[in-house]
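*Asks:* Sharing a structure here in C-alpha cells format.
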Amino acid sequence: MAEFLIRRVLQAVLVLFLVSIVTFGLMHLAPGGPIQMNIAPGQSPAAIQQQIHNLGLDKPVPVQYYEWLGRLAHGDFGTTFKAPIPVSALLWPALKNTLILMTTSWLITLAIAIPWGIYNSTRQYGLSDNTAALIGYAGFAMPAFWFGIIMQVTFSLKLDLLPLSDMYSRGQEGNIISLIQHMILPVTVLVVIGLAGYLRYARASMLDVLGQDYVRTARAKGVSERKVLFKHALRNALIPIITILGLDLPGIVAGATLTETVFNWPGMGRLFVDMAFAREYSVLMAITIMITVVVIAGNLLADFLYALVDPRVQVGARGGDV
Amino acid sequence: MNLTRKWSIVTAGALALSLVLSACGKSTTTPTPTPAPGTVAPADTGKPVDGGSLTWATASDIVTLNPLFIDDTTSQNLANILFAGLLNLDTKGNVVADEGALAAEVPTISADGLTYTIKLKTTPKWSDGQPVNADDLVFTLNTWKNPDVAAPSISSYDKVDTVKKINDTTVEVKMKEVYAPFIYTLTTAVLPAHILKDVPPKDLQKYKYGTDPATFVSNGPYKWASWTQKQQHTLEADPNYWGPKAHIKTIVYKMYADQNTELQALVKGEVDLVEAIPIASLDAATGKPDINLIESAGPSYDYFGFNLNADNWPGGFVPFAGKKTRQALAYAINRQGMVDSVLKKHGTLLNGPFLPGSWADAGTAKNYEFSVDKAKALLAEDGWKAGADGILVKDGHKFEFKLQFNTGNKTRESVGAVIQQNLKDIGINVILEPLDFAAWIKNNVTPGKYQSVLLGWALGVDPDAESIFSSKYFPPSGQNSGWYKNDKTDQFWVDGYRVTDPAKRKAVYGQLATEITDDLPYVFLYQKNIIEGIRSRVKFAEGDKPQLTLPYGTTYHIDHWWVTDGK
C-alpha cells in the first residue's frame, strides 16, 4: 500500500513537471504576448522593447520557466504581467465559485442518474426509460449556452421567478438564500446536460451486469430480486461508473465555461478564457497545474474506490492489472 | 459570446493619442457630434437629487488604474471617473478648463508654439487630502516622457523638452518642436507625486498603484471603493471632493461575460447602462418605456486597404499600383449599400481620413459614388483587359488578390462578401481570408505583409494621422502597413501639426483630404454608430448626456447625472 502510494506520487510529480514544461513552451510559442494589446500606436520598437524588458518578458523562455518553478516551489503562483495582481487573488475566488456550482450540480446529477438508471435497467423501454432516453438526447443535443438563454428568458424575464445571472443580488453578497436562488438556473442546466451521460452509463452498466452468469445463478438459487439487484449486481455495475467519475472530477475544478458565461458566474472556466486572451501566462500556468493535480487525484481516487466496491481489486497488488 | 469585443482596444492614457487598430469598431470620438438618427434623449428638466446608485455593465475587467499604463477601454472609463482631467473636452471636442478640470484656464501657448504655460487651480486635492499642485504635474509629464518607464502612450509626450515649476500652481512646458496635438495630450490625468516619486521608473508598471483600491489615491469626484476581481468595481462619491460633488452616490461597474446576458440584465433592470448594444440584438431593447437608447456615430471607421509593396505580390506585380485602378475599385464598391444592408443604417458613409462633422473635416474629401460604368472605364484606361475567363488581365497578370479581415467579426465578414461580389462584377477575383485577430495583427498587419485588408481605426480627438499614412512610418516603426507613399500628403501631415492655430490646421487638412482621397491608399468605408442603452431612472440634463462621438464619451459629465428612485 505504502509502496503503491509512493510510486503514484512520484509518477504524479513527473507528470506535473512534464505538463508544466509542455504548457509553458506552447504558450510562449503562440503568437502575441501579455503586452501585445498594450502596444499603443506610435510606440517605437525601442519603447516596446523597454516595456517588455521592464516586465521581465525578454528573458529566455527556459529562464522564465526556471524562475516560475522556483516561485512555485515556495507556493507562489506569481503575479499577472500587465499589472501586479497576485495570481492567487484571481484563482482562489474563482475556484471557490466554480466548486460551489459544479459540486452541487454533480451531486444532484449523480443522486438522480444512478438510481434512475438502475431502475430503468430493470424496466427497459418503459415510460420511465423512454423519458430518460429523451432527456439524454436533449442533454447531448442542446448547447449549454442556448439552453441557458432559454431558461433565463422563461424563468427570469417572462415569469420573473428567479434572478437572471450572477451569484448574489446586489447588497446580499454572502447571503445563502440569495445564492441558492441564483444557483437554480445554472444548476438545472448543468444537471440536465450531466444527466444525459450518467443516466446512460448507469443503465448500460447495470444491464451488462444483469446479463452475467452469476446473476442468473443467483436468481436460479431463488435469491430475492431485491437482493440480486442491490447485493450482487449493483456493486459490480458501479465499477465503470466510478471510472467515469474519476475522469469527470477535473471538470468540477475547471468549470463549465459556457454556463458560467451565460449566467455570469465568476468561475474558473471564464477566468481561463479571459486569461488566455490576455496571454497572462502565470494565471494560465497556475490553472493548468491545478487541473493536472486534480486529474491525477481523480485517477487515484478511482483506484481506491474500485477496491472499496470490489474486494477482488487490491490497491497496490503486484501484477494486478486494474 | 462575442470574443472579438475584447479587442476593441481604444486609445491609451491621454485622449490625444490618435489611432488604434480597431477590431470591431466599437467605441467612442472627435469634435462635433454627428446628430444621431433615432435618438431618444432622456433630457430631464427635473432637479437633480443626491444618492442612489448606477450600475454600468462592461465586458471586461480593468488591467490597471495607473494612468501611465492604461491602454484599454474599461480601465480608461474608470480612470475618467476617478481622476479629474488636467483639462477637459466640451461636447464639440474643444479643450476647456471647466469646473472639473485641474487647470484654472486653457494653457497659453507662446507665439513660436513651443512654450505652454499651465496654471492649476488652488483647490484640487487628492483623495488622501494632499493638495494637487505643480509638483504633481511636473512629475507626471517627466515620468510619462521617460523612456525607462515605458508608458505605452509615450509618443504623446516625447516631444516635450523640459518641464519647469514656476510656482506651486504654475508649470512651464517647453517643446522640442511645434506639435499641435499636444494640447489634447493635456487632457491627461495627473499622477500623485507623493505616492509614486520614490518608485524607480523601471518598476512603475510592477508597482501596486492602480491595482489596490485600499492604497489608491485619485483626485476626481469618485473614489475607488472596492474591486472584486472579474466581477465588479464600486466607486463612491467622495464627500471631500474639491469640486462640485457628484449626485449619484455609488457607481457599480459590473462585468458581464456575455453580451446577451448583459442586455437582458438591462431589460430586467439589474443594470442601468449598457455601453454598446449590438445592432443584431437591438430589438430586445427597442420600444421599452423604461430604456432610453442613445445613438450616435462613433469615433472610428472601417476601410479597405491596399498593399502597395511589391514584396507581397507574385512576380512583384502590384495590381493596385495605378491610381486609376484604385479609384476604379472605390467606384465599384457599393458603400452606401453596406451602410444600408450590413449596418442596417446604423452607420454613416465616410469618404476620407477625418470623421464627418469633426473640425478637421473641411468637406473636401472626394465621394466615390457607386458606379460600375466609371469603374470599368477607369480600369480600361489603366490598361486592364478582360481575359478568356472574364477576369481582367494586365501585362500578363490576372487581377486577383486576397482580402484579409478578422474572423468572427460579423460586420466585416458581410462587408468582405459585398466587396468580393462587387469586384467580381467588374472582372476582379477576390479571395476572402478571415484570420484570428491577434495572430493576424502580429503576422500580417504590423509587418505590412498582406495584399489587402478590411480593418478599422478608432480615432482620438486630434486629427493627426501621420503615423498611418506617411512614408516616414513604414513598418515596423509605424502603422503605414500598406506602404503608401505620397510626397504631398507626407508634407501636409507635417504642416498639420506644425501650426497650433486650429483655423490654419483646418486649411491644411482640407488640402490633405482632397489629395489623399484622389490618390486613395484606402477605400474609406463607413463609421459605425454606437448605441447605448440607459434605464430611464437615470436622468441628466441635455448638455450632460453621453457624448458618444468623443473618446470615452459615456463618462462625460457622469458626475452630473442623478437617479430618480434613490436606489
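Each chain in the C-alpha cells gets a letter, A, B, ..., in the order shown, and its residues are numbered from 1; ligands are numbered from 1 in order too.
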Select all residues from chain B having any atom no more than 7 Å from an atom of chain A (counting only C-alpha atoms, ignoring ligands), output as a ChimeraX atom specification.

*Replies:* /B:12,19-20,63-64,71,147-148,150,152-155,202-203,205-208,211,229-231,256-258,261,265,268,438-439,442,467,477-478

*Asks:* Identify, with DSSP run on backbone atoms, the residues in region 343-563 of chain B assigned to helix (DSSP H, G or I), and express the list as a ChimeraX atom specification.

*Replies:* /B:372-381,410-424,437-445,466-469,471-473,487-497,502-519,542-544,553-555,558-560

*Asks:* Give me the residues within 12 Å of Ala233 (chain A) as a PyMOL selection string, counting only C-alpha atoms and dropping any in the same chain fewer than 6 places off.

*Replies:* chain A and resi 118+121-122+202-203+205-219+225-227+239+309-310

*Asks:* Please provide the set of residues having any atom within 8 Å of Leu102 (chain B), restricted to only C-alpha atoms, with same-chain residues fewer than 4 positions apart removed, written as a VMD selection string.

*Replies:* chain B and resid 84 to 87 97 120 to 121 124

*Asks:* Could you save the residues just selected, with C-alpha atoms, as a PDB file, in the first residue's frame?

*Replies:*
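Result saved to again-v2.pdb:
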ATOM      1  CA  ALA B  84     -10.062  64.923 -12.774  1.00  0.00           C
ATOM      2  CA  GLY B  85      -8.573  65.823 -16.139  1.00  0.00           C
ATOM      3  CA  LEU B  86      -5.881  68.455 -16.212  1.00  0.00           C
ATOM      4  CA  LEU B  87      -8.087  69.850 -18.987  1.00  0.00           C
ATOM      5  CA  ALA B  97     -10.725  74.271 -18.310  1.00  0.00           C
ATOM      6  CA  LEU B 120      -3.539  74.998 -11.870  1.00  0.00           C
ATOM      7  CA  LYS B 121      -6.459  75.758  -9.610  1.00  0.00           C
ATOM      8  CA  PRO B 124      -7.814  70.458  -6.084  1.00  0.00           C
TER       9      PRO B 124
END

*Asks:* Calculated over only C-alpha atoms, which of the candidates B:Gly93, B:Phe139, B:Tyr303, B:Val173 has the smallest distance to Lys119 (chain B)?

*Replies:*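 With only C-alpha atoms as the atom set, the closest residue is B:Val173.
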
*Asks:* Could you name the residues that touch Asn422 (chain B) at 7 Å or less, counting only C-alpha atoms, but leaving out those on the same chain fewer than 3 positions away, as a list in words?

*Replies:*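 Counting only C-alpha atoms, the residues come to Ala332, Ile333, Val418, Ile419 and Asp425 of chain B.
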
*Asks:* Quick one: residues within 7 Å of region 503-515 of chain B, only C-alpha atoms, excluding same-chain residues fewer than 3 positions away - as a VMD selection string?

*Replies:* chain B and resid 352 360 to 362 364 to 366 489 492 495 to 496 499 518 to 519

*Asks:* If you count only C-alpha atoms, which residues fall within 10 Å of Trp116 (chain A), apart from same-chain ones fewer than 3 positions away, as a list of chain:residue names?

*Replies:*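 Once the adjacent positions are removed, what remains is A:Leu110, A:Ala111, A:Ile112, A:Ala113, A:Tyr119, A:Asn120, A:Ser121, A:Ser128, A:Asp129, A:Ala132, A:Tyr198, A:Leu199, A:Arg200, A:Ala202, A:Arg203.
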
*Asks:* Between A:Ala220, A:Gln64, A:Gly246, A:Tyr281, which residue has the minimum interatomic distance to Asn299 (chain A), considering only C-alpha atoms?

*Replies:*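 Among the listed residues, the smallest separation from Asn299 (chain A) belongs to A:Gly246.
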
*Asks:* Could you give me the residues within region 148-317 of chain B that DSSP places in strand (DSSP E), as a ChimeraX atom specification?

*Replies:* /B:160-167,170-175,222-228,232-237,250-255,273-274,291-297,300-306

*Asks:* Give me, please, the distance in Å between CA of Lys324 (chain B) and CA of Asn307 (chain B), quoted to one decimal.

*Replies:*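 Distance reported for this atom pair: 15.4 Å.
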
*Asks:* Could you check which of B:Ala541, B:Val190, B:Ile530, B:Val217 is closest to Ala297 (chain B), using only C-alpha atoms?

*Replies:*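 Closest to Ala297 (chain B) of all the choices is B:Ile530.
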